[in-house]
Every structure is written in C-alpha cells, then in structure tokens.
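K.L.:
One structure coming up, written as structure tokens, with questions to follow.
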Amino acid sequence: MTTHVTPARKAAGPAPRTGRSPVRGPRARRLPFSPWHLVLAPLALAFALPLLWLLLSSVMTNAEINRFPPALWPESVDLGGYRYVLGNAMFPRWFANSLVVSAVAVLSNLLLGSLGGYAFARMRFAGSRVLLGLMLATMVIPFQLTMIPTFLVMKRLGLIDTLGALIVPALVTPFAVFLFRQFFLSLPREMEEAAWIDGCSRLRVLCSIVLPLARPALATVAVLTFLSTWNDLTWPLIAINHDTQYTLQLGLTTFQGQHHTRWSAVMAGNVVTVLPVLVAFLLAQKTFIQSLTSSGLKG
C-alpha cells in the first residue's frame, strides 16, 4: 500500500519532530479516598463511641461513674474493677464454660450446617422444597415461643443445670443451613461432576472440593454462631441454676447487687467479654464481607 504525497508536501520537506506526544486533555485527579468515606467515617465513629465509653469506664472508680454529670475522662487510671473481676474465683470457670459452649456450637454448625446446606443445594428428593420452606419459616419464630418447649425437652433429657442444655439447642441453626445452601448454589457444578466421573462419593466431593472453596461461608457461620452463643443470656438464665455452670454473661449479672452495684467491675467484665468477639470478627472480616457479597439470594 503506497501513500500519495502532494507536490506541496515534497517542497516543504518532512514535518519536524518535536519529540512531544500529542496534546491530551487534562488528566482527572483521583481522590485519595472515596466520597462515601465522608458518610461512613461519622457513622463508624458513632458506633465506636459505646465501645470507647466502655473502655474508659472500666478504668474509672465507682465515684466517677456515678457522678452527675458523668465524667467523660478518668482523672487517673484505676484498675480496681479488673482486679475484682479477675480475682473472682469463679470468673475463670465462667470463661471456660462460655468457651466450651461456643466452640462446640461453632464446630457443630460448620459440620451439620454444611451437610444440610449441600443436600438442599445439590440433591433433589421428595419434599425437599417443602422441607426447606418449613426450615426457613422457623427463622421468624421468636425465641420466646420456643423457650418453654425447649426447656421441657432438656428436662426430659436430664440436661437442665448442665452445659449440655446450652449446647444441644445450638448444635445447628436454620440460618447456617440456609447460608451454606446459598453459597453452594453459587459454585459451578462442573468440578463436582468431574469428581463424580472419577468415582468420588458426594461426601468426598463435599470435603475435598466444595468446602475448600467455601471458606467465606465457613468464616461467616463461625463468626455469627460464636457471637450469638457467646453473648446469649436469656437461655442460660433459664436453664442454669448453679453458679459452677454459669456462662460468662450469666456470671456478670452477679456483679449487680440489689442495693449496691460495682459498676467498675461490671464495665471491666464487659471489656473482657467483648474482646474475644472483637478479635474473632477482625480476624474473619475479609472472608465475612466476601461471603455476604458472593452468596446472594440465588435459587
């Protein structure tokens, strides 16, 4: 392909090269932060204020906490509340009870919830949709309606006033099954079909292929189950009578007396109670958000 050159262009010679690139429009400057941060930052500060007040109150004296108007900043750091809480002989026992109940509930929900969610997502059996609908309907039933039947069942099993009464009702929740089902529906079937052709069973496919891809869902179920079990007060208050079986939340209520309350100890105990939940959420924050954005409401 030849280029036609006019006589005028021949006479003028080749165009001089200036070494500059063609003139472009002004480059748009990107802000170092998203405009949404202007809205989210005040909201984050508003949500962090109760936690900040809890930390400050835990190092105040009872006189500073009960002062009106309340003191916004401690005059000096007082660790009397922490000494009272950690010096309580029953506090380590309460912490261990809460840890055992929460750990068993998390592990059982991960195991049983993933099995149930995979069955509803990949297997079609008679009445599967009806059973799924009934299971989801139980999520809208308030605990106050199931409290008495649950107590009667635990009493028949002989589990009242034991940690078993706190563990058995929390072994698997409809929310865990539903979340696993929604996440499994978002995974492609091709990898599972290839494993079935190679002779793998459904259980082998679930353990070797599906669950390694479901880490966001596993982290989400683990964090939410730990949070709800660790902070539960209503059911332990009904099912537990002896102080040796108290959970941490139930044990903290003993710091509030009928005529006198050690508010510094209450605040210090709440700080110790909140720390495990806060650490668990911060460790699983990335996978938690990933699960919420990827599972959706498919199916």
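Convention: chains lettered A, B, ... in structure tokens order; per-chain residue numbering from 1; ligands numbered from 1 as shown.
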Just want the 12 Å neighbourhood of Leu159 in chain A, counted on only C-alpha atoms, with same-chain residues fewer than 4 positions away dropped. Output as a PyMOL selection string.
P.N.:
chain A and resi 150-155+163-169+239-241+245
K.L.:
Counting only C-alpha atoms, what are the residues of range 106-130 of chain A within 10 Å of range 212-224 of chain A, and for each of them which pair of atoms is the nearest and at what distance in Å, to one decimal? Sort the table by chain and rising number, as CSV.
P.N.:
residue,atom,partner,partner_atom,distance
A:Val106,CA,A:Ala222,CA,5.4
A:Leu107,CA,A:Ala222,CA,7.8
A:Ser108,CA,A:Ala222,CA,9.8
A:Asn109,CA,A:Val221,CA,7.5
A:Leu110,CA,A:Leu218,CA,6.5
A:Leu111,CA,A:Leu218,CA,9.6
A:Gly113,CA,A:Val221,CA,8.8
A:Ser114,CA,A:Leu218,CA,8.4
K.L.:
Distance CA of Phe175 in chain A-CA of Met123 in chain A, one decimal place?
P.N.:
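Taking CA of Phe175 in chain A as the start and CA of Met123 in chain A as the end point, the length is 18.9 Å.
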K.L.:
List as number ranges by chain the protein and nucleic acid residues near range 54-63 of chain A, meaning an atom at most 7 Å away when only C-alpha atoms are counted, but skip any in the same chain fewer than 3 places from it.
P.N.:
A: 50-51, 66-67, 73-74, 77-79, 81, 262-264, 267-268, 271
K.L.:
Since we have the selection now, will you write its residues out, keeping N, CA and C atoms, as a PDB file, in the first residue's frame?
P.N.:
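Below is the file again_10.pdb, written as the result:
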ATOM      1  N   PRO A  50     -19.836   3.847  72.003  1.00  0.00           N
ATOM      2  CA  PRO A  50     -20.146   2.990  73.162  1.00  0.00           C
ATOM      3  C   PRO A  50     -18.966   2.129  73.607  1.00  0.00           C
ATOM      4  N   LEU A  51     -18.207   1.606  72.638  1.00  0.00           N
ATOM      5  CA  LEU A  51     -17.042   0.808  72.999  1.00  0.00           C
ATOM      6  C   LEU A  51     -15.982   1.658  73.680  1.00  0.00           C
ATOM      7  N   ASN A  66     -20.598   7.103  88.937  1.00  0.00           N
ATOM      8  CA  ASN A  66     -21.886   7.520  89.476  1.00  0.00           C
ATOM      9  C   ASN A  66     -22.045   9.030  89.559  1.00  0.00           C
ATOM     10  N   ARG A  67     -21.024   9.766  89.189  1.00  0.00           N
ATOM     11  CA  ARG A  67     -21.093  11.234  89.280  1.00  0.00           C
ATOM     12  C   ARG A  67     -22.088  11.776  88.257  1.00  0.00           C
ATOM     13  N   TRP A  73     -13.817  11.627  81.173  1.00  0.00           N
ATOM     14  CA  TRP A  73     -12.433  11.147  81.133  1.00  0.00           C
ATOM     15  C   TRP A  73     -12.001  10.843  82.562  1.00  0.00           C
ATOM     16  N   PRO A  74     -11.362   9.700  82.792  1.00  0.00           N
ATOM     17  CA  PRO A  74     -10.951   9.375  84.174  1.00  0.00           C
ATOM     18  C   PRO A  74      -9.847  10.305  84.654  1.00  0.00           C
ATOM     19  N   VAL A  77      -6.017   6.414  86.037  1.00  0.00           N
ATOM     20  CA  VAL A  77      -6.334   5.040  85.654  1.00  0.00           C
ATOM     21  C   VAL A  77      -6.461   4.185  86.909  1.00  0.00           C
ATOM     22  N   ASP A  78      -7.646   3.647  87.113  1.00  0.00           N
ATOM     23  CA  ASP A  78      -7.917   2.797  88.267  1.00  0.00           C
ATOM     24  C   ASP A  78      -8.265   1.392  87.772  1.00  0.00           C
ATOM     25  N   LEU A  79      -7.473   0.400  88.139  1.00  0.00           N
ATOM     26  CA  LEU A  79      -7.670  -0.979  87.707  1.00  0.00           C
ATOM     27  C   LEU A  79      -8.367  -1.820  88.766  1.00  0.00           C
ATOM     28  N   GLY A  81     -11.523  -2.389  89.117  1.00  0.00           N
ATOM     29  CA  GLY A  81     -12.548  -3.240  88.513  1.00  0.00           C
ATOM     30  C   GLY A  81     -11.976  -4.506  87.911  1.00  0.00           C
ATOM     31  N   ARG A 262     -21.193  -2.707  91.732  1.00  0.00           N
ATOM     32  CA  ARG A 262     -19.816  -2.306  91.438  1.00  0.00           C
ATOM     33  C   ARG A 262     -19.718  -2.076  89.933  1.00  0.00           C
ATOM     34  N   TRP A 263     -20.021  -0.848  89.504  1.00  0.00           N
ATOM     35  CA  TRP A 263     -20.067  -0.559  88.074  1.00  0.00           C
ATOM     36  C   TRP A 263     -18.689  -0.675  87.427  1.00  0.00           C
ATOM     37  N   SER A 264     -17.641  -0.381  88.160  1.00  0.00           N
ATOM     38  CA  SER A 264     -16.297  -0.541  87.582  1.00  0.00           C
ATOM     39  C   SER A 264     -16.023  -2.007  87.264  1.00  0.00           C
ATOM     40  N   MET A 267     -18.135  -2.946  84.158  1.00  0.00           N
ATOM     41  CA  MET A 267     -17.519  -2.450  82.927  1.00  0.00           C
ATOM     42  C   MET A 267     -16.272  -3.255  82.570  1.00  0.00           C
ATOM     43  N   ALA A 268     -15.448  -3.567  83.564  1.00  0.00           N
ATOM     44  CA  ALA A 268     -14.246  -4.360  83.296  1.00  0.00           C
ATOM     45  C   ALA A 268     -14.609  -5.762  82.814  1.00  0.00           C
ATOM     46  N   VAL A 271     -15.631  -5.570  79.220  1.00  0.00           N
ATOM     47  CA  VAL A 271     -14.473  -5.432  78.326  1.00  0.00           C
ATOM     48  C   VAL A 271     -13.839  -6.792  78.056  1.00  0.00           C
TER      49      VAL A 271
END
K.L.:
Please provide the set of residues having any atom within 12 Å of Phe120 in chain A, restricted to only C-alpha atoms, with same-chain residues fewer than 5 positions apart removed, written as a compact mmCIF listing (two decimals) with N, CA and C atoms, in the first residue's frame.
P.N.:
# COMPACT_ATOMS: atom_id res chain seq x y z
N GLY A 113 -24.35 -27.85 59.45
CA GLY A 113 -24.88 -26.85 58.53
C GLY A 113 -24.39 -27.05 57.11
N SER A 114 -23.12 -27.42 56.95
CA SER A 114 -22.60 -27.65 55.60
C SER A 114 -23.22 -28.90 54.98
N LEU A 115 -23.44 -29.94 55.77
CA LEU A 115 -24.09 -31.14 55.25
C LEU A 115 -25.51 -30.84 54.81
N PHE A 125 -34.84 -34.42 46.34
CA PHE A 125 -35.57 -35.56 46.88
C PHE A 125 -37.00 -35.13 47.16
N ALA A 126 -37.86 -36.09 47.42
CA ALA A 126 -39.27 -35.81 47.62
C ALA A 126 -39.47 -34.89 48.82
N GLY A 127 -40.14 -33.78 48.59
CA GLY A 127 -40.43 -32.85 49.66
C GLY A 127 -39.28 -31.96 50.05
N SER A 128 -38.26 -31.85 49.21
CA SER A 128 -37.10 -31.04 49.58
C SER A 128 -37.46 -29.56 49.68
N ARG A 129 -38.26 -29.06 48.73
CA ARG A 129 -38.63 -27.65 48.77
C ARG A 129 -39.56 -27.35 49.94
N VAL A 130 -40.47 -28.28 50.22
CA VAL A 130 -41.36 -28.08 51.36
C VAL A 130 -40.57 -28.08 52.66
N LEU A 131 -39.62 -29.01 52.77
CA LEU A 131 -38.80 -29.09 53.97
C LEU A 131 -37.94 -27.84 54.12
N LEU A 132 -37.43 -27.33 52.99
CA LEU A 132 -36.64 -26.10 53.05
C LEU A 132 -37.50 -24.92 53.49
N GLY A 133 -38.72 -24.85 52.97
CA GLY A 133 -39.62 -23.77 53.37
C GLY A 133 -39.98 -23.83 54.84
N MET A 135 -38.16 -25.16 57.19
CA MET A 135 -36.97 -24.81 57.96
C MET A 135 -36.76 -23.30 57.99
N PRO A 174 -31.08 -22.97 61.54
CA PRO A 174 -31.57 -22.82 60.16
C PRO A 174 -30.78 -21.80 59.36
N VAL A 177 -27.67 -23.48 57.80
CA VAL A 177 -28.03 -24.32 56.66
C VAL A 177 -28.37 -23.46 55.45
N PHE A 178 -29.14 -22.41 55.67
CA PHE A 178 -29.55 -21.53 54.57
C PHE A 178 -28.36 -20.82 53.94
N LEU A 179 -27.45 -20.31 54.76
CA LEU A 179 -26.28 -19.60 54.23
C LEU A 179 -25.39 -20.54 53.42
N PHE A 180 -25.17 -21.75 53.93
CA PHE A 180 -24.37 -22.72 53.17
C PHE A 180 -25.06 -23.08 51.86
N ARG A 181 -26.37 -23.26 51.88
CA ARG A 181 -27.09 -23.59 50.65
C ARG A 181 -26.92 -22.49 49.61
N GLN A 182 -27.09 -21.24 50.02
CA GLN A 182 -26.95 -20.13 49.07
C GLN A 182 -25.55 -20.05 48.51
N PHE A 183 -24.55 -20.31 49.32
CA PHE A 183 -23.18 -20.24 48.83
C PHE A 183 -22.88 -21.40 47.88
N PHE A 184 -23.36 -22.61 48.19
CA PHE A 184 -23.12 -23.75 47.33
C PHE A 184 -23.81 -23.59 45.98
N LEU A 185 -24.96 -22.90 45.96
CA LEU A 185 -25.63 -22.67 44.69
C LEU A 185 -24.82 -21.76 43.77
N GLY A 299 -31.38 -19.00 43.74
CA GLY A 299 -32.00 -20.30 43.85
C GLY A 299 -33.42 -20.28 44.32
K.L.:
Using only C-alpha atoms, pick whichever of A:Val39, A:Leu145, A:Ala103, A:Ala194 has the shortest atom-to-atom distance to Ala170 in chain A.
P.N.:
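Of A:Val39, A:Leu145, A:Ala103, A:Ala194, the one nearest Ala170 in chain A is A:Ala103, counting only C-alpha atoms.
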K.L.:
Enter the distance from CA of Leu136 in chain A to CA of Thr173 in chain A, in Å, rounded to one decimal.
P.N.:
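These atoms are spaced 10.1 Å apart.
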K.L.:
Can you tell me, as a ChimeraX atom specification, which residues in range 35-225 of chain A count as helix (DSSP H, G or I) by DSSP?
P.N.:
/A:37-58,62-66,80-87,91-122,128-140,143-156,164-170,174-185,190-197,202-213,215-225
K.L.:
Provide the CA of Thr225 in chain A to CA of Val104 in chain A distance in Å, to one decimal place.
P.N.:
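Atom-to-atom, CA of Thr225 in chain A and CA of Val104 in chain A are spaced 10.2 Å apart.
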K.L.:
Do you know which residues are at most 10 Å from Leu237 in chain A counting only C-alpha atoms, after dropping those on the same chain fewer than 6 positions away, and could you put them as a count of residues only?
P.N.:
6
K.L.:
With only C-alpha atoms as the atoms that count, which of A:Phe255, A:Tyr118, A:Leu283, A:Ser201 lies nearest to Leu187 in chain A?
P.N.:
A:Tyr118
K.L.:
So which one's closest to Ser228 in chain A, A:Gly87, A:Trp94, A:Ser102, A:Tyr82? Using only C-alpha atoms, please.
P.N.:
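Checking each of A:Gly87, A:Trp94, A:Ser102, A:Tyr82 against Ser228 in chain A, counting only C-alpha atoms, the winner is A:Ser102.
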